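Engineer: This is the content of run-v7.pdb (PDB, C-alpha atoms, pLDDT in the B column):
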MODEL        1
ATOM      1  CA  MET N  30      62.653  96.997  79.531  1.00 51.00           C
ATOM      2  CA  GLN N  31      62.273  99.581  82.298  1.00 52.00           C
ATOM      3  CA  GLU N  32      64.244  97.362  84.701  1.00 52.00           C
ATOM      4  CA  PHE N  33      67.001  96.857  82.108  1.00 48.00           C
ATOM      5  CA  LEU N  34      67.226 100.616  81.556  1.00 46.00           C
ATOM      6  CA  LEU N  35      67.509 101.050  85.321  1.00 49.00           C
ATOM      7  CA  GLY N  36      70.431  98.648  85.278  1.00 48.00           C
ATOM      8  CA  LEU N  37      72.000 100.407  82.265  1.00 47.00           C
ATOM      9  CA  GLU N  38      71.623 103.742  84.002  1.00 50.00           C
ATOM     10  CA  SER N  39      73.325 102.298  87.089  1.00 50.00           C
ATOM     11  CA  LEU N  40      76.201 101.067  84.918  1.00 50.00           C
ATOM     12  CA  LEU N  41      76.730 104.547  83.496  1.00 48.00           C
ATOM     13  CA  ASP N  42      76.826 105.926  87.030  1.00 57.00           C
ATOM     14  CA  PHE N  43      79.570 103.493  88.079  1.00 62.00           C
ATOM     15  CA  LYS N  44      83.239 103.736  87.267  1.00 76.00           C
ATOM     16  CA  LEU N  45      84.823 100.645  85.746  1.00 83.00           C
ATOM     17  CA  GLU N  46      87.068 100.204  88.786  1.00 85.00           C
ATOM     18  CA  VAL N  47      83.993 100.006  91.031  1.00 87.00           C
ATOM     19  CA  LEU N  48      82.448  97.323  88.835  1.00 91.00           C
ATOM     20  CA  PHE N  49      85.743  95.447  88.832  1.00 92.00           C
ATOM     21  CA  PHE N  50      85.828  95.729  92.636  1.00 93.00           C
ATOM     22  CA  LEU N  51      82.314  94.279  92.860  1.00 94.00           C
ATOM     23  CA  PHE N  52      83.291  91.481  90.461  1.00 96.00           C
ATOM     24  CA  LEU N  53      86.254  90.533  92.691  1.00 95.00           C
ATOM     25  CA  VAL N  54      84.109  90.744  95.835  1.00 92.00           C
ATOM     26  CA  ALA N  55      81.536  88.437  94.249  1.00 95.00           C
ATOM     27  CA  PHE N  56      84.278  86.002  93.208  1.00 96.00           C
ATOM     28  CA  VAL N  57      85.633  85.760  96.769  1.00 93.00           C
ATOM     29  CA  ALA N  58      82.111  85.546  98.234  1.00 91.00           C
ATOM     30  CA  GLY N  59      81.153  82.804  95.786  1.00 93.00           C
ATOM     31  CA  PHE N  60      84.255  80.791  96.678  1.00 94.00           C
ATOM     32  CA  ILE N  61      83.659  81.068 100.425  1.00 89.00           C
ATOM     33  CA  ASP N  62      79.894  80.568 100.201  1.00 88.00           C
ATOM     34  CA  ALA N  63      80.308  77.344  98.210  1.00 90.00           C
ATOM     35  CA  ILE N  64      82.386  75.904 101.063  1.00 86.00           C
ATOM     36  CA  ALA N  65      80.899  77.333 104.241  1.00 80.00           C
ATOM     37  CA  GLY N  66      78.068  79.775 103.463  1.00 80.00           C
ATOM     38  CA  GLY N  67      78.047  83.421 104.523  1.00 77.00           C
ATOM     39  CA  GLY N  68      78.790  84.986 101.131  1.00 84.00           C
ATOM     40  CA  GLY N  69      76.178  87.697 101.660  1.00 81.00           C
ATOM     41  CA  MET N  70      78.219  88.973 104.593  1.00 77.00           C
ATOM     42  CA  ILE N  71      80.793  90.069 101.995  1.00 84.00           C
ATOM     43  CA  THR N  72      78.661  91.166  99.038  1.00 88.00           C
ATOM     44  CA  ILE N  73      75.958  93.239 100.747  1.00 82.00           C
ATOM     45  CA  PRO N  74      78.412  95.606 102.517  1.00 82.00           C
ATOM     46  CA  ALA N  75      80.332  95.941  99.234  1.00 87.00           C
ATOM     47  CA  LEU N  76      77.150  96.962  97.404  1.00 88.00           C
ATOM     48  CA  LEU N  77      76.269  99.487 100.107  1.00 83.00           C
ATOM     49  CA  ILE N  78      79.802 100.923 100.100  1.00 83.00           C
ATOM     50  CA  SER N  79      79.485 101.372  96.341  1.00 85.00           C
ATOM     51  CA  GLY N  80      76.598 103.778  96.916  1.00 84.00           C
ATOM     52  CA  ILE N  81      73.667 101.492  96.107  1.00 85.00           C
ATOM     53  CA  PRO N  82      70.574 102.047  98.312  1.00 83.00           C
ATOM     54  CA  PRO N  83      69.701  99.241 100.785  1.00 78.00           C
ATOM     55  CA  ILE N  84      66.673  97.763  99.005  1.00 78.00           C
ATOM     56  CA  GLU N  85      68.486  97.733  95.645  1.00 84.00           C
ATOM     57  CA  SER N  86      71.538  96.217  97.355  1.00 84.00           C
ATOM     58  CA  LEU N  87      69.460  93.361  98.781  1.00 82.00           C
ATOM     59  CA  ALA N  88      67.708  92.769  95.462  1.00 84.00           C
ATOM     60  CA  THR N  89      70.909  92.873  93.397  1.00 90.00           C
ATOM     61  CA  ASN N  90      72.581  90.599  95.927  1.00 89.00           C
ATOM     62  CA  LYS N  91      69.883  87.967  95.408  1.00 90.00           C
ATOM     63  CA  LEU N  92      70.515  88.073  91.657  1.00 93.00           C
ATOM     64  CA  GLN N  93      74.247  87.427  91.939  1.00 94.00           C
ATOM     65  CA  ALA N  94      73.813  84.962  94.830  1.00 94.00           C
ATOM     66  CA  SER N  95      71.441  82.895  92.680  1.00 95.00           C
ATOM     67  CA  PHE N  96      74.208  82.434  90.121  1.00 95.00           C
ATOM     68  CA  GLY N  97      76.664  81.416  92.826  1.00 95.00           C
ATOM     69  CA  SER N  98      74.404  78.831  94.458  1.00 95.00           C
ATOM     70  CA  PHE N  99      73.430  77.483  91.014  1.00 96.00           C
ATOM     71  CA  SER N 100      77.091  77.138  89.982  1.00 95.00           C
ATOM     72  CA  ALA N 101      78.003  75.274  93.174  1.00 95.00           C
ATOM     73  CA  ALA N 102      74.920  73.042  93.024  1.00 95.00           C
ATOM     74  CA  LEU N 103      75.625  72.222  89.370  1.00 95.00           C
ATOM     75  CA  HIS N 104      79.176  71.125  90.167  1.00 94.00           C
ATOM     76  CA  PHE N 105      78.075  68.970  93.109  1.00 95.00           C
ATOM     77  CA  TYR N 106      75.394  67.440  90.870  1.00 96.00           C
ATOM     78  CA  LYS N 107      77.920  66.580  88.158  1.00 94.00           C
ATOM     79  CA  LYS N 108      80.101  64.882  90.772  1.00 93.00           C
ATOM     80  CA  GLY N 109      77.191  62.742  91.958  1.00 94.00           C
ATOM     81  CA  TYR N 110      76.506  64.382  95.331  1.00 94.00           C
ATOM     82  CA  ILE N 111      72.959  65.492  94.439  1.00 95.00           C
ATOM     83  CA  ASP N 112      70.135  63.123  93.481  1.00 94.00           C
ATOM     84  CA  LEU N 113      67.554  65.430  91.897  1.00 94.00           C
ATOM     85  CA  LYS N 114      64.760  62.855  92.120  1.00 93.00           C
ATOM     86  CA  LYS N 115      65.189  62.662  95.887  1.00 92.00           C
ATOM     87  CA  CYS N 116      65.843  66.378  96.373  1.00 95.00           C
ATOM     88  CA  ILE N 117      63.217  68.009  94.163  1.00 95.00           C
ATOM     89  CA  THR N 118      60.446  67.900  96.789  1.00 94.00           C
ATOM     90  CA  PHE N 119      62.646  69.598  99.388  1.00 96.00           C
ATOM     91  CA  ALA N 120      63.803  72.155  96.781  1.00 97.00           C
ATOM     92  CA  ILE N 121      60.182  73.066  95.986  1.00 96.00           C
ATOM     93  CA  LEU N 122      59.428  73.268  99.701  1.00 96.00           C
ATOM     94  CA  ALA N 123      62.391  75.628 100.225  1.00 96.00           C
ATOM     95  CA  PHE N 124      61.218  77.804  97.305  1.00 97.00           C
ATOM     96  CA  ILE N 125      57.626  78.092  98.550  1.00 96.00           C
ATOM     97  CA  PHE N 126      58.529  78.922 102.140  1.00 96.00           C
ATOM     98  CA  SER N 127      61.202  81.403 101.068  1.00 94.00           C
ATOM     99  CA  ALA N 128      58.597  83.192  98.951  1.00 92.00           C
ATOM    100  CA  PHE N 129      56.258  83.207 101.944  1.00 91.00           C
ATOM    101  CA  GLY N 130      58.999  84.606 104.174  1.00 86.00           C
ATOM    102  CA  THR N 131      59.699  87.360 101.647  1.00 81.00           C
ATOM    103  CA  LEU N 132      56.042  88.400 101.788  1.00 81.00           C
ATOM    104  CA  VAL N 133      55.879  88.289 105.587  1.00 81.00           C
ATOM    105  CA  VAL N 134      59.035  90.350 106.172  1.00 70.00           C
ATOM    106  CA  GLN N 135      57.478  93.285 104.355  1.00 64.00           C
ATOM    107  CA  ARG N 136      54.777  93.493 107.032  1.00 70.00           C
ATOM    108  CA  ILE N 137      56.538  92.930 110.379  1.00 67.00           C
ATOM    109  CA  GLN N 138      59.683  94.044 112.188  1.00 61.00           C
ATOM    110  CA  THR N 139      62.800  91.862 112.354  1.00 59.00           C
ATOM    111  CA  ASP N 140      64.526  93.686 115.229  1.00 67.00           C
ATOM    112  CA  LEU N 141      64.143  90.845 117.764  1.00 65.00           C
ATOM    113  CA  LEU N 142      65.404  88.235 115.303  1.00 63.00           C
ATOM    114  CA  ALA N 143      68.403  90.444 114.503  1.00 64.00           C
ATOM    115  CA  LYS N 144      69.348  90.399 118.196  1.00 73.00           C
ATOM    116  CA  ILE N 145      68.838  86.654 118.741  1.00 73.00           C
ATOM    117  CA  LEU N 146      70.411  85.351 115.529  1.00 66.00           C
ATOM    118  CA  PRO N 147      74.103  86.128 116.298  1.00 74.00           C
ATOM    119  CA  PHE N 148      73.991  83.915 119.396  1.00 79.00           C
ATOM    120  CA  LEU N 149      72.498  81.042 117.374  1.00 74.00           C
ATOM    121  CA  ILE N 150      75.271  81.363 114.794  1.00 74.00           C
ATOM    122  CA  ILE N 151      77.916  81.422 117.551  1.00 78.00           C
ATOM    123  CA  LEU N 152      76.491  78.154 118.927  1.00 77.00           C
ATOM    124  CA  PHE N 153      76.536  76.748 115.394  1.00 69.00           C
ATOM    125  CA  GLY N 154      80.239  77.627 114.989  1.00 72.00           C
ATOM    126  CA  ILE N 155      81.138  76.236 118.426  1.00 78.00           C
ATOM    127  CA  TYR N 156      79.333  72.988 117.606  1.00 71.00           C
ATOM    128  CA  PHE N 157      81.416  72.552 114.444  1.00 69.00           C
ATOM    129  CA  LEU N 158      84.603  73.509 116.320  1.00 71.00           C
ATOM    130  CA  PHE N 159      84.181  70.893 119.048  1.00 72.00           C
ATOM    131  CA  THR N 160      82.753  68.123 116.866  1.00 69.00           C
ATOM    132  CA  PRO N 161      85.796  67.061 114.822  1.00 63.00           C
ATOM    133  CA  ASN N 162      84.086  64.111 113.107  1.00 64.00           C
ATOM    134  CA  ILE N 163      80.929  65.964 112.072  1.00 59.00           C
ATOM    135  CA  GLY N 164      79.860  64.897 108.603  1.00 56.00           C
ATOM    136  CA  ALA N 165      82.813  62.544 108.208  1.00 56.00           C
ATOM    137  CA  GLN N 166      80.434  59.720 107.299  1.00 62.00           C
ATOM    138  CA  LYS N 167      76.746  58.998 106.911  1.00 66.00           C
ATOM    139  CA  THR N 168      74.728  58.504 110.083  1.00 63.00           C
ATOM    140  CA  ARG N 169      71.204  57.374 110.847  1.00 65.00           C
ATOM    141  CA  GLY N 170      69.763  60.902 111.005  1.00 66.00           C
ATOM    142  CA  TYR N 171      66.165  61.921 111.620  1.00 75.00           C
ATOM    143  CA  LYS N 172      64.878  62.338 108.088  1.00 74.00           C
ATOM    144  CA  GLY N 173      61.277  62.706 109.243  1.00 79.00           C
ATOM    145  CA  PHE N 174      62.165  66.146 110.594  1.00 91.00           C
ATOM    146  CA  LEU N 175      64.347  67.208 107.675  1.00 93.00           C
ATOM    147  CA  GLY N 176      61.462  68.542 105.581  1.00 93.00           C
ATOM    148  CA  ILE N 177      60.269  70.680 108.506  1.00 94.00           C
ATOM    149  CA  ALA N 178      63.779  72.060 108.988  1.00 94.00           C
ATOM    150  CA  ILE N 179      64.222  72.887 105.284  1.00 96.00           C
ATOM    151  CA  ALA N 180      60.832  74.615 105.177  1.00 96.00           C
ATOM    152  CA  ALA N 181      61.706  76.645 108.282  1.00 94.00           C
ATOM    153  CA  ILE N 182      65.126  77.627 106.903  1.00 94.00           C
ATOM    154  CA  GLY N 183      63.552  78.503 103.556  1.00 95.00           C
ATOM    155  CA  PHE N 184      61.115  80.811 105.335  1.00 92.00           C
ATOM    156  CA  TYR N 185      64.019  82.293 107.294  1.00 88.00           C
ATOM    157  CA  ASP N 186      65.994  83.040 104.119  1.00 88.00           C
ATOM    158  CA  GLY N 187      63.090  84.946 102.606  1.00 84.00           C
ATOM    159  CA  PHE N 188      62.380  86.627 105.936  1.00 80.00           C
ATOM    160  CA  PHE N 189      65.905  87.584 107.020  1.00 75.00           C
ATOM    161  CA  GLY N 190      68.684  85.548 105.402  1.00 76.00           C
ATOM    162  CA  PRO N 191      72.172  85.651 107.013  1.00 72.00           C
ATOM    163  CA  GLY N 192      73.668  82.197 107.550  1.00 77.00           C
ATOM    164  CA  THR N 193      71.083  80.289 105.487  1.00 88.00           C
ATOM    165  CA  GLY N 194      73.648  78.086 103.745  1.00 86.00           C
ATOM    166  CA  SER N 195      75.267  77.183 107.063  1.00 83.00           C
ATOM    167  CA  PHE N 196      71.926  76.326 108.686  1.00 88.00           C
ATOM    168  CA  LEU N 197      71.015  74.109 105.723  1.00 93.00           C
ATOM    169  CA  LEU N 198      74.376  72.353 105.977  1.00 90.00           C
ATOM    170  CA  LEU N 199      73.880  71.621 109.675  1.00 88.00           C
ATOM    171  CA  ALA N 200      70.301  70.382 109.157  1.00 91.00           C
ATOM    172  CA  LEU N 201      71.373  67.996 106.407  1.00 93.00           C
ATOM    173  CA  ILE N 202      74.208  66.586 108.519  1.00 89.00           C
ATOM    174  CA  LEU N 203      72.246  66.198 111.764  1.00 88.00           C
ATOM    175  CA  LEU N 204      68.741  65.436 110.480  1.00 91.00           C
ATOM    176  CA  GLY N 205      69.518  63.998 107.065  1.00 88.00           C
ATOM    177  CA  GLY N 206      72.436  61.924 108.332  1.00 87.00           C
ATOM    178  CA  PHE N 207      74.489  62.704 105.209  1.00 89.00           C
ATOM    179  CA  GLU N 208      78.257  63.057 105.044  1.00 87.00           C
ATOM    180  CA  ILE N 209      79.565  66.599 104.699  1.00 86.00           C
ATOM    181  CA  ARG N 210      80.075  66.792 100.919  1.00 89.00           C
ATOM    182  CA  GLN N 211      76.621  65.468 100.109  1.00 91.00           C
ATOM    183  CA  SER N 212      75.162  67.799 102.744  1.00 91.00           C
ATOM    184  CA  LEU N 213      76.974  70.769 101.236  1.00 91.00           C
ATOM    185  CA  GLY N 214      75.834  69.868  97.726  1.00 94.00           C
ATOM    186  CA  GLU N 215      72.191  69.580  98.722  1.00 95.00           C
ATOM    187  CA  ALA N 216      72.483  72.754 100.813  1.00 95.00           C
ATOM    188  CA  LYS N 217      73.572  74.634  97.677  1.00 95.00           C
ATOM    189  CA  LEU N 218      70.588  73.256  95.753  1.00 97.00           C
ATOM    190  CA  TYR N 219      68.100  74.314  98.430  1.00 97.00           C
ATOM    191  CA  ASN N 220      69.851  77.667  98.837  1.00 96.00           C
ATOM    192  CA  PHE N 221      69.479  78.215  95.099  1.00 97.00           C
ATOM    193  CA  ALA N 222      65.753  77.553  95.477  1.00 97.00           C
ATOM    194  CA  THR N 223      65.430  80.071  98.330  1.00 96.00           C
ATOM    195  CA  ASN N 224      67.502  82.672  96.459  1.00 94.00           C
ATOM    196  CA  LEU N 225      65.402  82.200  93.341  1.00 95.00           C
ATOM    197  CA  ALA N 226      62.150  82.690  95.252  1.00 95.00           C
ATOM    198  CA  SER N 227      63.350  85.978  96.759  1.00 89.00           C
ATOM    199  CA  LEU N 228      64.738  87.050  93.389  1.00 91.00           C
ATOM    200  CA  VAL N 229      61.324  86.624  91.763  1.00 92.00           C
ATOM    201  CA  PHE N 230      59.675  88.977  94.265  1.00 85.00           C
ATOM    202  CA  PHE N 231      62.454  91.557  93.951  1.00 82.00           C
ATOM    203  CA  MET N 232      62.038  91.376  90.169  1.00 87.00           C
ATOM    204  CA  LEU N 233      58.337  92.049  90.517  1.00 85.00           C
ATOM    205  CA  GLY N 234      59.172  95.076  92.658  1.00 79.00           C
ATOM    206  CA  GLY N 235      61.629  96.409  90.056  1.00 83.00           C
ATOM    207  CA  HIS N 236      64.477  96.822  92.577  1.00 81.00           C
ATOM    208  CA  ILE N 237      67.259  94.923  90.778  1.00 88.00           C
ATOM    209  CA  LEU N 238      70.178  96.764  89.160  1.00 90.00           C
ATOM    210  CA  TRP N 239      70.596  94.264  86.360  1.00 91.00           C
ATOM    211  CA  ILE N 240      73.930  95.272  84.850  1.00 90.00           C
ATOM    212  CA  VAL N 241      75.646  95.530  88.242  1.00 92.00           C
ATOM    213  CA  GLY N 242      74.059  92.243  89.340  1.00 93.00           C
ATOM    214  CA  LEU N 243      75.152  90.396  86.210  1.00 94.00           C
ATOM    215  CA  VAL N 244      78.742  91.651  86.534  1.00 95.00           C
ATOM    216  CA  MET N 245      78.779  90.274  90.078  1.00 96.00           C
ATOM    217  CA  ALA N 246      76.956  87.113  88.976  1.00 96.00           C
ATOM    218  CA  PHE N 247      79.839  86.314  86.623  1.00 96.00           C
ATOM    219  CA  GLY N 248      82.290  86.566  89.528  1.00 96.00           C
ATOM    220  CA  GLN N 249      79.993  84.526  91.774  1.00 96.00           C
ATOM    221  CA  PHE N 250      79.633  81.777  89.191  1.00 96.00           C
ATOM    222  CA  ILE N 251      83.397  81.372  88.783  1.00 96.00           C
ATOM    223  CA  GLY N 252      84.155  81.633  92.515  1.00 96.00           C
ATOM    224  CA  ALA N 253      81.419  79.186  93.518  1.00 95.00           C
ATOM    225  CA  ASN N 254      82.561  76.664  90.923  1.00 94.00           C
ATOM    226  CA  LEU N 255      86.134  76.836  92.235  1.00 95.00           C
ATOM    227  CA  GLY N 256      84.968  76.687  95.868  1.00 93.00           C
ATOM    228  CA  SER N 257      82.831  73.614  95.245  1.00 93.00           C
ATOM    229  CA  LYS N 258      85.817  71.877  93.620  1.00 93.00           C
ATOM    230  CA  MET N 259      87.925  72.607  96.696  1.00 92.00           C
ATOM    231  CA  ALA N 260      85.161  71.356  99.011  1.00 89.00           C
ATOM    232  CA  ILE N 261      84.844  68.095  97.106  1.00 90.00           C
ATOM    233  CA  ARG N 262      88.608  67.585  96.975  1.00 89.00           C
ATOM    234  CA  TYR N 263      89.433  68.330 100.615  1.00 84.00           C
ATOM    235  CA  GLY N 264      86.095  67.589 102.315  1.00 78.00           C
ATOM    236  CA  VAL N 265      85.854  68.152 106.064  1.00 71.00           C
ATOM    237  CA  ARG N 266      89.481  69.367 106.287  1.00 78.00           C
ATOM    238  CA  ILE N 267      88.614  72.622 104.523  1.00 81.00           C
ATOM    239  CA  ILE N 268      84.867  72.867 105.194  1.00 77.00           C
ATOM    240  CA  ARG N 269      84.998  72.586 108.995  1.00 74.00           C
ATOM    241  CA  PRO N 270      87.529  75.387 109.722  1.00 81.00           C
ATOM    242  CA  LEU N 271      85.890  77.712 107.186  1.00 80.00           C
ATOM    243  CA  VAL N 272      82.443  77.097 108.693  1.00 76.00           C
ATOM    244  CA  VAL N 273      83.805  78.001 112.144  1.00 78.00           C
ATOM    245  CA  ILE N 274      85.548  81.162 110.862  1.00 84.00           C
ATOM    246  CA  ILE N 275      82.551  82.333 108.808  1.00 79.00           C
ATOM    247  CA  SER N 276      80.126  81.624 111.668  1.00 76.00           C
ATOM    248  CA  LEU N 277      82.146  83.705 114.128  1.00 80.00           C
ATOM    249  CA  ALA N 278      82.723  86.520 111.617  1.00 80.00           C
ATOM    250  CA  LEU N 279      79.038  86.622 110.654  1.00 75.00           C
ATOM    251  CA  SER N 280      77.871  86.631 114.279  1.00 79.00           C
ATOM    252  CA  THR N 281      80.328  89.435 115.124  1.00 81.00           C
ATOM    253  CA  ARG N 282      79.001  91.569 112.299  1.00 75.00           C
ATOM    254  CA  LEU N 283      75.369  90.900 113.251  1.00 73.00           C
ATOM    255  CA  LEU N 284      76.058  91.700 116.923  1.00 77.00           C
ATOM    256  CA  TYR N 285      77.631  94.995 115.892  1.00 78.00           C
ATOM    257  CA  GLN N 286      74.622  95.858 113.716  1.00 70.00           C
ATOM    258  CA  ALA N 287      72.092  94.872 116.386  1.00 68.00           C
ATOM    259  CA  PHE N 288      73.620  96.478 119.457  1.00 74.00           C
ATOM    260  CA  MET N 289      75.925  99.281 118.318  1.00 67.00           C
TER     261      MET N 289
ENDMDL
END
Let me see the structure of the file written as structure tokens.
Structural biologist:
Amino acid sequence: MQEFLLGLESLLDFKLEVLFFLFLVAFVAGFIDAIAGGGGMITIPALLISGIPPIESLATNKLQASFGSFSAALHFYKKGYIDLKKCITFAILAFIFSAFGTLVVQRIQTDLLAKILPFLIILFGIYFLFTPNIGAQKTRGYKGFLGIAIAAIGFYDGFFGPGTGSFLLLALILLGGFEIRQSLGEAKLYNFATNLASLVFFMLGGHILWIVGLVMAFGQFIGANLGSKMAIRYGVRIIRPLVVIISLALSTRLLYQAFM
């Protein structure tokens, strides 16, 4: 009840045009995130610009992001790109390690990671740019290492977060050997698990602005559903260029934050 009142109080403090702005931002972020990841790069600055303190911005972002990743994963599941029986173990693994990462980040500094990460994302974007046939069809993969990669990325999402969806996509293509639409579908499922784990801990801390988060969640849900439809329809033709653009934009923003 106290958390709901906090959200209601936040709603009264916001003008309707600000809430509408956040709804539109979440819609666009959900659409882009469903195709290439990086939605948080759009929503977190929007929350901060709206006057929400950093910790509440991060917490509220996890609420709306959970709706977006769930919407995208649900659509991919309905289209047959997610086999829950095969994915459930990895989803649980992602959830557990994300929760662990959320606990760890509260006790140590992330400054070094903030400086290294942009260069990793740049390499990720360059790899997609110069590998035109990536994810065009299933390959042999190295599935024995996939669980380790998903656990590590789950920990990373709870610990830091930017680019999680993109890292999951790359791991599923290279280590899982899946084609790009199946990889994207499973990436959304595992990203939902990592978002949910972080959301639980933010809920326990009472940092979520519920009304604001639910307004954005509605936009995220619609945008992610539309984005996943576009990804399924156009496949690598739309996913690959968006991944490259989002990777370079995200790395630029992180470099600015780390070194400016």
Engineer: Calculated over all atoms listed in the file, which of the candidates N:Ile150, N:Thr72, N:Phe50, N:Ile61 has the smallest distance to N:Leu277?
Structural biologist: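 Closest to N:Leu277 of all the choices is N:Ile150.
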Engineer: With all atoms listed in the file counted, which protein, DNA or RNA residues have an atom no more than 10 Å from (69.8, 75.2, 101.8) in the file frame? Please answer as a VMD selection string.
Structural biologist: chain N and resid 66 98 119 to 120 123 178 to 180 182 to 183 186 192 to 201 212 to 224
Engineer: Evaluate the PyMOL selection byres ((chain N and resi 247-259) around 10) against this structure - the residues, as an MDAnalysis selection string, please.
Structural biologist: chainID N and resid 49 51:65 68 72 93:105 108 210 213:214 217 242:246 260:264 267:268
Engineer: Figure out the distance between atom CA of N:Thr131 and atom CA of N:Pro83, please, to one decimal in Å.
Structural biologist: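 Computed distance, atom CA of N:Pro83 to atom CA of N:Thr131, equals 15.6 Å.
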Engineer: Which residues, written as an MDAnalysis selection string, have at least one atom at most 7 Å from stretch 145-149 of chain N, with all atoms listed in the file counted and residues fewer than 5 positions away on the same chain left out?
Structural biologist: chainID N and resid 280 283:284
Engineer: Using only C-alpha atoms, please write the residues we just selected to a file, as a short mmCIF file (atom, residue, chain, number, x, y, z; two decimals), in the coordinates of the input.
Structural biologist:
data_model
loop_
_atom_site.label_atom_id
_atom_site.label_comp_id
_atom_site.auth_asym_id
_atom_site.auth_seq_id
_atom_site.Cartn_x
_atom_site.Cartn_y
_atom_site.Cartn_z
CA SER N 280 77.87 86.63 114.28
CA LEU N 283 75.37 90.90 113.25
CA LEU N 284 76.06 91.70 116.92
#
Engineer: Which of these, N:Ser276, N:Gln211, N:Thr118, N:Ser79, has the shortest distance to N:Val241 once you count all atoms listed in the file?
Structural biologist: N:Ser79
Engineer: At the level of N, CA and C atoms, write stretch 61-73 of chain N to a file as a tab-separated table (two decimals), in the first residue's frame, please.
Structural biologist:
chain	number	residue	atom	x	y	z
N	61	ILE	N	12.10	-0.66	-30.45
N	61	ILE	CA	13.51	-0.84	-30.79
N	61	ILE	C	14.12	-2.00	-30.02
N	62	ASP	N	13.79	-2.10	-28.73
N	62	ASP	CA	14.38	-3.14	-27.89
N	62	ASP	C	13.97	-4.53	-28.36
N	63	ALA	N	12.75	-4.67	-28.86
N	63	ALA	CA	12.27	-5.97	-29.34
N	63	ALA	C	13.05	-6.44	-30.55
N	64	ILE	N	13.64	-5.48	-31.30
N	64	ILE	CA	14.37	-5.83	-32.52
N	64	ILE	C	15.87	-5.93	-32.28
N	65	ALA	N	16.41	-5.00	-31.51
N	65	ALA	CA	17.87	-4.93	-31.41
N	65	ALA	C	18.40	-4.75	-29.99
N	66	GLY	N	17.54	-4.60	-28.99
N	66	GLY	CA	18.01	-4.30	-27.64
N	66	GLY	C	18.32	-2.83	-27.50
N	67	GLY	N	18.71	-2.41	-26.29
N	67	GLY	CA	19.12	-1.03	-26.06
N	67	GLY	C	18.00	-0.08	-25.69
N	68	GLY	N	16.81	-0.60	-25.34
N	68	GLY	CA	15.69	0.25	-25.00
N	68	GLY	C	15.95	1.13	-23.78
N	69	GLY	N	16.72	0.62	-22.83
N	69	GLY	CA	17.02	1.38	-21.62
N	69	GLY	C	17.80	2.65	-21.90
N	70	MET	N	18.52	2.67	-23.03
N	70	MET	CA	19.27	3.85	-23.42
N	70	MET	C	18.32	5.02	-23.69
N	71	ILE	N	17.06	4.71	-24.02
N	71	ILE	CA	16.06	5.73	-24.31
N	71	ILE	C	15.24	6.06	-23.07
N	72	THR	N	14.83	5.03	-22.33
N	72	THR	CA	13.88	5.26	-21.22
N	72	THR	C	14.53	5.87	-19.98
N	73	ILE	N	15.73	5.43	-19.63
N	73	ILE	CA	16.35	5.94	-18.40
N	73	ILE	C	16.63	7.44	-18.49
